[in-house]
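See structure below.
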Amino acid sequence: MKRANVQRKTAVRCGDCQSIFTAEIGDDGAVFLIGMGDRCGCGGTEFRSFA
Ligand SMILES: [Zn+2]
C-alpha cells in the first residue's frame with residue numbers, strides 16, 4: 001500500500017531572507033510552505049528546517 005501523503009509540519013527558515021515559515025515536508029523531502037507553495041516571497045527556494 002502506498003503512503004504518498006505522509007507529511008510533517010515543521011518550521012523552516014528561508015536560506016535567502018531568513019524568514020521563518022510553517023511548512024510541510026513530504027516523503028521525498030520536498031518542502032511546501034503553508035499557503036505559499038514551494039517558494040518564498042523573496043524568490044528563494046532553499047529552506048532549512050529546524051526542530
Ligand atoms: Zn526568502
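Residue numbers start at 1 in each chain; chains themselves are named A, B, ... in the order of the C-alpha cells; ligands are numbered from 1 in the order shown.
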- Task: List all protein, DNA and RNA residues that have at least one atom no more than 7 Å from any atom of ligand 1, counting only C-alpha atoms and all ligand atoms, and write them as a list in words.
- Result: Cys14, Gly15, Asp16, Cys17, Gln18, Ser19, Cys40, Gly41, Cys42, Gly43 and Gly44 of chain A
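Across the structure, CA of Arg8 in chain A and CA of Gly26 in chain A are spaced 7.0 Å apart.
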- Item | strand (DSSP E or B) positions in chain A, given as a ChimeraX atom specification | /A:8-14,20-25,31-33,37,47-50
